[in-house]
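Have a look at the structure below before the remarks.
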Amino acid sequence: MPELPEVVVTLRGVSPHVIGKQVVSVDVRESRLRWPVPADLSSLLSGQTLLDGRQRGKYLLFRFPTGHLMIHLGMSGNLRIVRDETPVGKHDHVDIIFGDGTVLRYTDPRRFGTIQWLVGAPEQHPLLSSLGPEPFEEAFTGEYLYQASRGRKVPIKQFLMDNKVVVGVGNIYANETLFQCGICPTLAAGNVSRSRFDALAIEVRRVLASAIEQGGTTLRDFVGGDGKPGYFKQQLYVYGRGGETCLRCGSVLMEIRQGQRSTVFCPVCQQ
DNA sequence: CCCAAGACCTGGCGGC
DNA sequence: TGCCGCCAGGTCTTGG
């Protein structure tokens with residue numbers, strides 16, 4: 001599933017094809033996503049012009065004159081551009097059809113994603129109101145992480161994946177950034193030093209930016225808005241490599257479970 | 001408030 | 001080839 005880089009790649013891929021265009025209809029073939037897709041989505045959107053698209057954490061926000069279409073891709077979702085005659089696959093749940101025959105198609109086998117219609121300021125929506133800073137925002141600094149972590153006993157890896165702390169860092173990139181910084185993922189967040197948080201903030205930005213440049217990470221089904229997979233997988237140092245050797249020191253990488261997610265780290269490089 | 005675990009889904013893979 | 005258990009990019013909800 002998409003973490004922040006995949007969401008950004010998706011947004012950049014689809015935007016040029018749909019912004020400024022008018023919706024003629026919406027086809028909802030399966031409304032049972034994480035929450036039901038609004039039954040009247042077609043009548044809400046039809047006739048409206050898509051003004052712009054942006055991203056908040058892993059949420060995509062498409063602005064229309066009367067509100068925002070908010071889309072989350074869950075674990076297995078993707079959004080891409082097809083034509084109105086493109087054959088429909090089993091998990092192609094929603095089509096947003098524009099006047100020139102362009103279709104923004106939402107696909108999601110596991111249906112953990114969501115599509116909602118927001119009226120008013122998106123930041124005030126319950127799903128967005130308590131999100132932490134964007135990793136590329138100025139507010140995201142080592143000092144911020146240090147302050148936010150005081151007194152916290154959660155392992156640093158889970159702290160980094162907490163959307164109230166910072167948005168966009170999921171399981172792949174949490175594993176990768178901690179490796180790059182040489183920080184053991186099981187350390188209590190509250191015990192991590194200020195200088196290590198400085199390095200971590202820098203590394204989170206660097207890893208995410210690099211993944212975006214590579215078109216994201218494709219494990220099996222992620223494709224960007226242009227239908228192409230991402231190539232960051234070739235640059236993963238630890239994720240998916242438990243039991244293999246560390247690319248830095250040659251030790252055997254350990255794999256453990258933290259919060260029901262797999263963590264892979266080098267017991268020598270990360271302490 | 002903090003933290004851990006359960007819940008929601010489908011599909012791919014390894015093992016037998 | 002078939003079935004079974006386990007695993008997967010997220011995050012809300014519940015319970016202690």
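By order in the structure tokens, chains are A, B, ...; within a chain, residues start at 1; ligands start at 1, following the order shown.
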
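The protein and nucleic acid residues lying at most 8 Å from stretch 1-12 of chain C are Met1, Pro2, Glu3, Gly74, Met75, Ser76, Phe112, Gly170, Asn171, Ile172 and Leu219 of chain A, with only C-alpha atoms (C1' of nucleotides) considered and sequence neighbours fewer than 4 positions away removed.
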
Neighbouring residues of stretch 2-9 of chain B were defined as those with any atom within 12 Å, considering only C-alpha atoms (C1' of nucleotides); residues of the same chain fewer than 6 positions away were excluded. Please report them as a PyMOL selection string.
(chain A and resi 32-35+74-77+91+108-113+151-155+158-159+258-260) or (chain C and resi 8+10-16)

Write out, as a compact mmCIF listing (two decimals), in the first residue's frame, the residues just selected, with N, CA, C and O atoms (P, O5', C5', C4', C3', O3' and C1' of nucleotides).
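Writing done, so here's selection-v4.txt:
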```
# COMPACT_ATOMS: atom_id res chain seq x y z
N ARG A 32 -18.85 -0.68 -0.67
CA ARG A 32 -18.41 -1.15 0.64
C ARG A 32 -16.90 -1.03 0.79
O ARG A 32 -16.17 -2.01 0.76
N LEU A 33 -16.43 0.18 0.98
CA LEU A 33 -15.02 0.39 1.32
C LEU A 33 -14.97 0.44 2.84
O LEU A 33 -15.85 -0.07 3.51
N ARG A 34 -13.92 1.07 3.37
CA ARG A 34 -13.83 1.11 4.84
C ARG A 34 -15.09 1.72 5.45
O ARG A 34 -15.61 1.27 6.46
N TRP A 35 -15.54 2.79 4.82
CA TRP A 35 -16.86 3.34 5.12
C TRP A 35 -17.59 3.41 3.79
O TRP A 35 -16.95 3.49 2.74
N GLY A 74 -5.80 3.13 1.44
CA GLY A 74 -5.72 1.96 2.31
C GLY A 74 -4.43 1.20 2.11
O GLY A 74 -3.36 1.78 1.94
N MET A 75 -4.50 -0.12 2.15
CA MET A 75 -3.30 -0.95 1.99
C MET A 75 -3.06 -1.32 0.53
O MET A 75 -1.93 -1.54 0.12
N SER A 76 -4.11 -1.45 -0.23
CA SER A 76 -3.97 -2.05 -1.56
C SER A 76 -4.58 -1.22 -2.67
O SER A 76 -4.75 -1.70 -3.79
N GLY A 77 -4.92 0.04 -2.36
CA GLY A 77 -5.63 0.82 -3.37
C GLY A 77 -4.72 1.52 -4.37
O GLY A 77 -3.55 1.75 -4.11
N HIS A 91 -11.74 -5.55 -9.11
CA HIS A 91 -11.68 -4.65 -7.95
C HIS A 91 -11.69 -3.18 -8.34
O HIS A 91 -11.25 -2.33 -7.57
N ASP A 108 -9.20 -1.25 -5.51
CA ASP A 108 -8.76 -1.58 -4.16
C ASP A 108 -9.22 -2.97 -3.72
O ASP A 108 -10.30 -3.12 -3.15
N PRO A 109 -8.40 -4.00 -3.97
CA PRO A 109 -8.80 -5.37 -3.63
C PRO A 109 -9.25 -5.55 -2.18
O PRO A 109 -10.24 -6.20 -1.91
N ARG A 110 -8.50 -4.99 -1.26
CA ARG A 110 -8.83 -5.25 0.15
C ARG A 110 -9.90 -4.32 0.72
O ARG A 110 -10.41 -4.55 1.80
N ARG A 111 -10.19 -3.27 0.02
CA ARG A 111 -11.25 -2.32 0.42
C ARG A 111 -11.01 -1.68 1.79
O ARG A 111 -11.94 -1.44 2.55
N PHE A 112 -9.74 -1.43 2.11
CA PHE A 112 -9.42 -0.70 3.34
C PHE A 112 -9.40 0.80 3.08
O PHE A 112 -9.25 1.60 4.00
N GLY A 113 -9.51 1.19 1.87
CA GLY A 113 -9.47 2.60 1.52
C GLY A 113 -10.80 3.28 1.77
O GLY A 113 -11.75 2.68 2.27
N GLY A 151 8.63 11.39 27.57
CA GLY A 151 7.69 10.63 28.39
C GLY A 151 7.02 9.48 27.67
O GLY A 151 6.26 8.72 28.28
N ARG A 152 7.30 9.34 26.39
CA ARG A 152 6.64 8.25 25.63
C ARG A 152 7.44 6.96 25.73
O ARG A 152 8.65 6.95 25.53
N LYS A 153 6.71 5.88 26.00
CA LYS A 153 7.38 4.58 26.14
C LYS A 153 7.27 3.74 24.88
O LYS A 153 7.90 2.69 24.79
N VAL A 154 6.44 4.16 23.93
CA VAL A 154 6.33 3.36 22.70
C VAL A 154 7.68 3.27 22.00
O VAL A 154 8.46 4.23 22.00
N PRO A 155 7.93 2.14 21.37
CA PRO A 155 9.16 2.00 20.59
C PRO A 155 9.23 3.09 19.52
O PRO A 155 8.21 3.49 18.96
N GLN A 158 7.27 2.62 16.24
CA GLN A 158 5.83 2.88 16.27
C GLN A 158 5.53 4.36 16.44
O GLN A 158 4.55 4.87 15.91
N PHE A 159 6.39 5.05 17.17
CA PHE A 159 6.26 6.50 17.33
C PHE A 159 6.34 7.18 15.96
O PHE A 159 5.54 8.05 15.62
N GLN A 258 6.36 -5.69 15.77
CA GLN A 258 6.07 -4.57 16.67
C GLN A 258 4.70 -4.04 16.28
O GLN A 258 4.50 -3.64 15.13
N GLY A 259 3.76 -4.05 17.24
CA GLY A 259 2.42 -3.58 16.92
C GLY A 259 1.83 -4.32 15.74
O GLY A 259 1.19 -3.72 14.89
N GLN A 260 2.05 -5.59 15.68
CA GLN A 260 1.52 -6.47 14.63
C GLN A 260 2.06 -6.14 13.23
O GLN A 260 1.48 -6.53 12.23
P DA C 8 4.03 -9.24 7.33
O5' DA C 8 3.31 -8.52 6.09
C5' DA C 8 3.97 -8.38 4.86
C4' DA C 8 3.05 -7.71 3.86
C3' DA C 8 2.28 -6.52 4.48
O3' DA C 8 3.02 -5.32 4.30
C1' DA C 8 0.82 -7.93 3.20
P DG C 10 1.57 1.47 5.57
O5' DG C 10 0.00 1.15 5.54
C5' DG C 10 -0.82 1.76 4.59
C4' DG C 10 -2.08 2.33 5.23
C3' DG C 10 -1.82 3.22 6.45
O3' DG C 10 -2.69 4.34 6.33
C1' DG C 10 -3.25 1.41 7.04
P DT C 11 -2.62 5.57 7.37
O5' DT C 11 -3.75 5.23 8.45
C5' DT C 11 -5.09 5.18 8.01
C4' DT C 11 -5.96 4.73 9.16
C3' DT C 11 -5.60 5.40 10.51
O3' DT C 11 -6.79 5.57 11.23
C1' DT C 11 -5.65 3.13 10.76
P DC C 12 -7.41 6.99 11.53
O5' DC C 12 -8.87 6.60 12.00
C5' DC C 12 -9.76 5.98 11.08
C4' DC C 12 -10.56 4.90 11.78
C3' DC C 12 -11.13 5.33 13.13
O3' DC C 12 -12.49 4.94 13.18
C1' DC C 12 -9.92 3.31 13.37
P DT C 13 -13.43 5.35 14.40
O5' DT C 13 -13.39 4.06 15.34
C5' DT C 13 -13.68 2.80 14.79
C4' DT C 13 -13.59 1.74 15.89
C3' DT C 13 -14.12 2.20 17.25
O3' DT C 13 -15.00 1.19 17.73
C1' DT C 13 -11.95 1.30 17.49
P DT C 14 -15.80 1.34 19.12
O5' DT C 14 -15.03 0.36 20.10
C5' DT C 14 -14.78 -0.99 19.70
C4' DT C 14 -13.85 -1.64 20.71
C3' DT C 14 -14.23 -1.38 22.17
O3' DT C 14 -14.19 -2.62 22.86
C1' DT C 14 -11.96 -0.90 21.83
P DG C 15 -15.00 -2.80 24.26
O5' DG C 15 -13.80 -3.23 25.22
C5' DG C 15 -12.82 -4.17 24.77
C4' DG C 15 -11.60 -4.04 25.66
C3' DG C 15 -11.93 -3.70 27.12
O3' DG C 15 -11.11 -4.47 27.97
C1' DG C 15 -10.40 -2.15 26.29
P DG C 16 -11.48 -4.60 29.56
O5' DG C 16 -10.07 -4.40 30.23
C5' DG C 16 -8.93 -5.10 29.73
C4' DG C 16 -7.68 -4.30 30.05
C3' DG C 16 -7.60 -3.87 31.51
O3' DG C 16 -6.35 -4.30 32.05
C1' DG C 16 -7.17 -2.03 30.06
```

Residues of stretch 8-217 of chain A in alpha helix (DSSP H) according to DSSP, as number ranges by chain?
A: 8-18, 41-45, 142-149, 156-161, 171-181, 194-213

Residue contacts of A:Asp92 (9 Å, only C-alpha atoms (C1' of nucleotides)) excluding same-chain residues fewer than 4 positions away, as a list in words:
Arg29, Glu30, Val88, Arg105, Tyr106, Thr107, Asp108 and Pro109 of chain A

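Put simply, atom CA of A:Arg206 is 26.6 Å away from atom CA of A:Asp52.
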
Given only C-alpha atoms (C1' of nucleotides) as the basis, pick out the residue of A:Val169, A:Cys269, A:Ala188, A:Val264 nearest to chain C.
A:Val169

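Nearest to chain C of all the residues A:Met254, A:Val223, A:Ala121, A:Leu73 is A:Leu73, based on only C-alpha atoms (C1' of nucleotides).
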
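Each of A:Thr141, A:Thr102, A:Asn163, A:Ser149 was checked against A:Gly57 using only C-alpha atoms; the smallest atom-to-atom distance is that of A:Asn163.
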
Dump as a Markdown table the rows for residues of stretch 143-215 of chain A within 7 Å of stretch 229-233 of chain A: closest atom pair and distance in Å with one decimal, only C-alpha atoms counted, ordered by chain and rising residue number.
```
| residue | atom | partner | partner_atom | distance |
| --- | --- | --- | --- | --- |
| A:Ala211 | CA | A:Phe232 | CA | 5.4 |
| A:Gln214 | CA | A:Tyr231 | CA | 5.3 |
| A:Gly215 | CA | A:Gly230 | CA | 4.2 |
```

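Note that atom CA of A:Gly225 and atom CA of A:Val103 are 11.4 Å apart.
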
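Closest approach to chain C among A:Leu253, A:Ala174, A:Cys181, A:Ile97: A:Ala174, based on only C-alpha atoms (C1' of nucleotides).
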
Using only C-alpha atoms (C1' of nucleotides), which protein or nucleic acid residues come within 10 Å of A:Gln55? Drop anything in the same chain fewer than 3 positions from it, and give the result as a compact mmCIF listing (two decimals) with all heavy atoms, in the first residue's frame.
```txt
# COMPACT_ATOMS: atom_id res chain seq x y z
N LEU A 4 3.43 7.72 2.02
CA LEU A 4 3.39 9.07 1.44
C LEU A 4 3.97 9.16 0.02
O LEU A 4 3.39 9.79 -0.84
CB LEU A 4 4.06 10.07 2.37
CG LEU A 4 3.89 11.49 1.86
CD1 LEU A 4 3.06 12.31 2.81
CD2 LEU A 4 5.22 12.14 1.62
N VAL A 7 1.47 8.02 -2.51
CA VAL A 7 0.35 8.94 -2.61
C VAL A 7 0.74 10.16 -3.45
O VAL A 7 0.00 10.61 -4.33
CB VAL A 7 -0.14 9.37 -1.21
CG1 VAL A 7 -1.16 10.50 -1.29
CG2 VAL A 7 -0.72 8.17 -0.46
N VAL A 8 1.93 10.67 -3.21
CA VAL A 8 2.42 11.83 -3.98
C VAL A 8 2.59 11.47 -5.45
O VAL A 8 2.19 12.22 -6.35
CB VAL A 8 3.75 12.35 -3.39
CG1 VAL A 8 4.39 13.38 -4.32
CG2 VAL A 8 3.52 12.93 -2.01
N THR A 10 1.03 9.16 -7.07
CA THR A 10 -0.31 9.01 -7.62
C THR A 10 -0.91 10.37 -7.97
O THR A 10 -1.43 10.57 -9.07
CB THR A 10 -1.23 8.29 -6.61
OG1 THR A 10 -0.74 6.96 -6.41
CG2 THR A 10 -2.66 8.23 -7.11
N LEU A 11 -0.79 11.29 -7.03
CA LEU A 11 -1.36 12.63 -7.26
C LEU A 11 -0.71 13.29 -8.48
O LEU A 11 -1.40 13.84 -9.34
CB LEU A 11 -1.15 13.48 -6.02
CG LEU A 11 -1.71 14.90 -6.08
CD1 LEU A 11 -3.22 14.87 -6.25
CD2 LEU A 11 -1.32 15.68 -4.83
N LYS A 58 -1.62 10.66 3.98
CA LYS A 58 -1.89 9.69 2.92
C LYS A 58 -3.27 9.92 2.30
O LYS A 58 -3.74 9.08 1.54
CB LYS A 58 -1.76 8.27 3.48
CG LYS A 58 -0.34 7.97 3.96
CD LYS A 58 -0.25 6.68 4.75
CE LYS A 58 1.11 6.60 5.44
NZ LYS A 58 1.15 5.55 6.46
N TYR A 59 -3.89 11.03 2.63
CA TYR A 59 -5.18 11.34 2.03
C TYR A 59 -5.00 12.22 0.80
O TYR A 59 -4.19 13.17 0.82
CB TYR A 59 -6.08 12.10 3.02
CG TYR A 59 -6.52 11.26 4.19
CD1 TYR A 59 -5.76 11.21 5.36
CD2 TYR A 59 -7.71 10.52 4.15
CE1 TYR A 59 -6.15 10.43 6.44
CE2 TYR A 59 -8.11 9.74 5.22
CZ TYR A 59 -7.33 9.69 6.36
OH TYR A 59 -7.72 8.92 7.43
N LEU A 60 -5.77 11.95 -0.24
CA LEU A 60 -5.80 12.79 -1.43
C LEU A 60 -7.03 13.67 -1.33
O LEU A 60 -8.11 13.21 -0.96
CB LEU A 60 -5.90 11.91 -2.69
CG LEU A 60 -4.65 11.09 -2.99
CD1 LEU A 60 -4.98 9.88 -3.86
CD2 LEU A 60 -3.61 11.97 -3.69
N LEU A 61 -6.85 14.96 -1.64
CA LEU A 61 -7.96 15.90 -1.56
C LEU A 61 -8.16 16.58 -2.91
O LEU A 61 -7.30 17.34 -3.37
CB LEU A 61 -7.67 16.96 -0.49
CG LEU A 61 -7.65 16.45 0.95
CD1 LEU A 61 -7.03 17.48 1.89
CD2 LEU A 61 -9.07 16.09 1.41
N PHE A 62 -9.27 16.28 -3.54
CA PHE A 62 -9.59 16.88 -4.84
C PHE A 62 -10.66 17.95 -4.62
O PHE A 62 -11.75 17.65 -4.14
CB PHE A 62 -10.08 15.81 -5.81
CG PHE A 62 -9.01 14.82 -6.20
CD1 PHE A 62 -8.98 13.54 -5.63
CD2 PHE A 62 -8.01 15.18 -7.10
CE1 PHE A 62 -7.99 12.63 -5.98
CE2 PHE A 62 -7.01 14.28 -7.45
CZ PHE A 62 -7.00 13.00 -6.90
N MET A 70 -12.40 13.33 -0.88
CA MET A 70 -11.26 12.83 -0.12
C MET A 70 -11.10 11.34 -0.37
O MET A 70 -12.06 10.58 -0.22
CB MET A 70 -11.47 13.09 1.37
CG MET A 70 -10.29 12.61 2.21
SD MET A 70 -10.40 13.16 3.92
CE MET A 70 -11.63 12.05 4.57
N ILE A 71 -9.91 10.95 -0.75
CA ILE A 71 -9.65 9.55 -1.08
C ILE A 71 -8.44 9.04 -0.31
O ILE A 71 -7.40 9.70 -0.27
CB ILE A 71 -9.40 9.37 -2.59
CG1 ILE A 71 -10.64 9.79 -3.39
CG2 ILE A 71 -9.02 7.92 -2.92
CD1 ILE A 71 -10.50 9.67 -4.90
N HIS A 72 -8.58 7.88 0.33
CA HIS A 72 -7.46 7.21 0.96
C HIS A 72 -7.32 5.85 0.29
O HIS A 72 -8.32 5.19 0.00
CB HIS A 72 -7.71 7.03 2.47
CG HIS A 72 -6.48 6.65 3.24
ND1 HIS A 72 -5.89 5.42 3.12
CD2 HIS A 72 -5.75 7.34 4.14
CE1 HIS A 72 -4.82 5.37 3.92
NE2 HIS A 72 -4.71 6.52 4.55
N GLU A 134 3.30 17.53 8.11
CA GLU A 134 3.81 16.86 6.91
C GLU A 134 5.32 16.79 7.05
O GLU A 134 5.96 17.75 7.53
CB GLU A 134 3.47 17.69 5.66
CG GLU A 134 2.00 17.77 5.32
CD GLU A 134 1.47 16.48 4.69
OE1 GLU A 134 2.23 15.80 3.99
OE2 GLU A 134 0.29 16.17 4.92
```

Kindly give the distance, in Å, that separates atom CA of A:Ile115 and atom CA of A:Val37, rounded to a single decimal.
5.7 Å
